[in-house]
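Remarks on the structure that follows.
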Amino acid sequence: MILAIPSFAPGQTDNSDDLLYFSYGSNMSTLRLQARIPSAVPLYTAVLKRHRLKWHKQGSDGSAKCDCCYTGIPNHRVIGVVYVIASSQKPILDQYEGLGEGYEGRQVWVEKADRTKSYVATYHAIRINPSLRPFHWYKEHVLQGAREHQLPTDYRREIEAVPSIPDPVPGRHARELAIYSPITGEDYSP
């Protein structure tokens with residue numbers, strides 16, 4: 001096994017103005033992430049081993065969001081997308097993610113398809129409520145990203161099987177998913 005040890009700060013590329021970011025939830029969707037962080041460019045899919053995708057992070061809207069939860073179990077994994085973003089835009093991403101309120105930042109090793117590893121920045125939930133469910137639109141963002149980046153079929157099925165609920169805020173469902181309409185031709189009205 002080849003292990004790529006970076007000679008730069010954790011989560012950064014060899015360009016000091018760039019940051020490697022591992023997304024495993026709604027930000028896997030390039031359209032969603034670029035709407036928030038215009039510099040975001042997807043590089044590759046990767047696996048975070050000994051973790052499980054959980055839908056228990058309490059969002060500020062009262063619904064569940066994704067979390068990469070450490071289990072220590074060897075066959076558990078979270079599959080996601082590594083993006084490069086401008087370091088100057090990291091505070092914007094931190095704000096969207098609720099750094100310090102809903103998530104905390106962490107550095108993790110992820111494994112690419114060629115088995116090389118990268119040390120990347122990601123987020124871990126600190127505000128958890130396992131009784132919550134994601135809104136339909138949030139789950140759809142996650143699925144859009146999983147499809148876009150061709151995550152394995154069994155992994156996409158696990159995401160599809162997650163129960164979700166309607167958003168009680170009128171119009172938010174359609175607003176959230178409108179970014180996909182030009183591509184899919186679908187009307188995302190609830």
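Residues in the structure tokens are named by chain (A, B, ... in the order shown) and by number from 1 within that chain; ligands are numbered from 1 in the order shown.
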Quiz prompt | Residues near Tyr103 in chain A, cut-off 8 Å, only C-alpha atoms, skip fewer than 3 positions along chain, as a PyMOL selection string | solution = chain A and resi 97-100+123-127
Exercise. Pick out each residue of range 4-187 of chain A that DSSP on the backbone tags as alpha helix (DSSP H); I need them as a PyMOL selection string.
Key: chain A and resi 30-36+90-97+136-148+153-160+172-177+181-184
Keeping C-alpha atoms for every residue in the selection just given, could you write it to a file as a tab-separated table (two decimals), in the first residue's frame?
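Once written, again-v6.tsv looks like this:
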```tsv
chain	number	residue	atom	x	y	z
A	30	THR	CA	-21.42	19.84	-7.15
A	31	LEU	CA	-24.27	22.21	-7.97
A	32	ARG	CA	-25.18	22.59	-4.30
A	33	LEU	CA	-21.62	23.07	-3.11
A	34	GLN	CA	-20.73	25.51	-5.90
A	35	ALA	CA	-23.82	27.57	-5.07
A	36	ARG	CA	-22.24	28.02	-1.64
A	90	LYS	CA	-13.38	27.96	4.13
A	91	PRO	CA	-14.96	30.46	6.58
A	92	ILE	CA	-18.01	30.60	4.30
A	93	LEU	CA	-18.26	26.80	4.31
A	94	ASP	CA	-17.82	26.81	8.10
A	95	GLN	CA	-20.77	29.20	8.36
A	96	TYR	CA	-23.00	27.00	6.17
A	97	GLU	CA	-22.03	23.95	8.21
A	136	HIS	CA	-37.18	15.16	1.35
A	137	TRP	CA	-35.18	17.94	-0.34
A	138	TYR	CA	-32.09	17.34	1.81
A	139	LYS	CA	-32.12	13.63	1.05
A	140	GLU	CA	-32.50	14.48	-2.65
A	141	HIS	CA	-29.37	16.68	-2.52
A	142	VAL	CA	-27.46	13.70	-1.09
A	143	LEU	CA	-28.85	11.38	-3.77
A	144	GLN	CA	-28.06	13.86	-6.55
A	145	GLY	CA	-24.44	13.94	-5.39
A	146	ALA	CA	-24.28	10.16	-5.09
A	147	ARG	CA	-25.61	9.74	-8.64
A	148	GLU	CA	-23.45	12.51	-10.09
A	153	THR	CA	-25.24	1.10	-6.37
A	154	ASP	CA	-25.52	-0.57	-2.94
A	155	TYR	CA	-24.44	2.66	-1.24
A	156	ARG	CA	-26.98	4.70	-3.22
A	157	ARG	CA	-29.68	2.18	-2.23
A	158	GLU	CA	-28.79	2.68	1.44
A	159	ILE	CA	-29.33	6.42	0.97
A	160	GLU	CA	-32.60	5.86	-0.91
A	172	ARG	CA	-38.42	25.68	0.52
A	173	HIS	CA	-38.52	22.22	-1.08
A	174	ALA	CA	-38.88	23.72	-4.58
A	175	ARG	CA	-36.27	26.44	-3.90
A	176	GLU	CA	-33.72	23.94	-2.63
A	177	LEU	CA	-34.04	21.60	-5.60
A	181	SER	CA	-34.38	21.38	-12.93
A	182	PRO	CA	-32.30	22.50	-15.96
A	183	ILE	CA	-30.42	19.19	-15.84
A	184	THR	CA	-33.17	16.72	-14.96
```
Quiz item: In Å, how far is it from CA of Thr45 in chain A to CA of Tyr119 in chain A?
Solution: 13.5 Å
Exercise. Write out as a VMD selection string each polymer residue whose atoms come within 9 Å of Arg77 in chain A, counting only C-alpha atoms; drop sequence neighbours fewer than 4 positions from it.
Key: chain A and resid 47 to 53 68 73
Go ahead and write the selection's residues with N, CA and C atoms as a PDB file, in the first residue's frame.
```
ATOM      1  N   VAL A  47     -13.157   6.973   0.280  1.00  0.00           N
ATOM      2  CA  VAL A  47     -13.799   6.224   1.347  1.00  0.00           C
ATOM      3  C   VAL A  47     -13.168   6.598   2.685  1.00  0.00           C
ATOM      4  N   LEU A  48     -14.025   6.895   3.650  1.00  0.00           N
ATOM      5  CA  LEU A  48     -13.604   7.103   5.031  1.00  0.00           C
ATOM      6  C   LEU A  48     -13.918   5.806   5.764  1.00  0.00           C
ATOM      7  N   LYS A  49     -12.891   5.061   6.090  1.00  0.00           N
ATOM      8  CA  LYS A  49     -13.082   3.736   6.697  1.00  0.00           C
ATOM      9  C   LYS A  49     -13.404   3.836   8.183  1.00  0.00           C
ATOM     10  N   ARG A  50     -14.045   2.761   8.672  1.00  0.00           N
ATOM     11  CA  ARG A  50     -14.411   2.622  10.084  1.00  0.00           C
ATOM     12  C   ARG A  50     -15.385   3.709  10.552  1.00  0.00           C
ATOM     13  N   HIS A  51     -16.170   4.206   9.610  1.00  0.00           N
ATOM     14  CA  HIS A  51     -17.206   5.202   9.881  1.00  0.00           C
ATOM     15  C   HIS A  51     -18.493   4.735   9.225  1.00  0.00           C
ATOM     16  N   ARG A  52     -19.597   5.291   9.677  1.00  0.00           N
ATOM     17  CA  ARG A  52     -20.911   4.975   9.125  1.00  0.00           C
ATOM     18  C   ARG A  52     -21.640   6.282   8.862  1.00  0.00           C
ATOM     19  N   LEU A  53     -22.367   6.332   7.745  1.00  0.00           N
ATOM     20  CA  LEU A  53     -23.186   7.499   7.448  1.00  0.00           C
ATOM     21  C   LEU A  53     -24.427   7.445   8.331  1.00  0.00           C
ATOM     22  N   CYS A  68     -20.667  11.725   9.555  1.00  0.00           N
ATOM     23  CA  CYS A  68     -19.780  10.570   9.393  1.00  0.00           C
ATOM     24  C   CYS A  68     -19.373  10.144  10.800  1.00  0.00           C
ATOM     25  N   ILE A  73     -15.467  -0.195  13.298  1.00  0.00           N
ATOM     26  CA  ILE A  73     -15.714  -1.504  12.680  1.00  0.00           C
ATOM     27  C   ILE A  73     -15.080  -1.515  11.287  1.00  0.00           C
TER      28      ILE A  73
END
```
Quiz item: So what do you get for CA of Pro134 in chain A versus CA of Ser23 in chain A, distance-wise?
Solution: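 Taking CA of Pro134 in chain A as the start and CA of Ser23 in chain A as the end point, the length is 17.1 Å.
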Quiz item: Any idea what's packed within 12 Å of Ser63 in chain A, counting only C-alpha atoms, ignoring anything in its chain fewer than 6 positions away? Could you give it as a ChimeraX atom specification?
Solution: /A:55-57,102,127-139,163-169
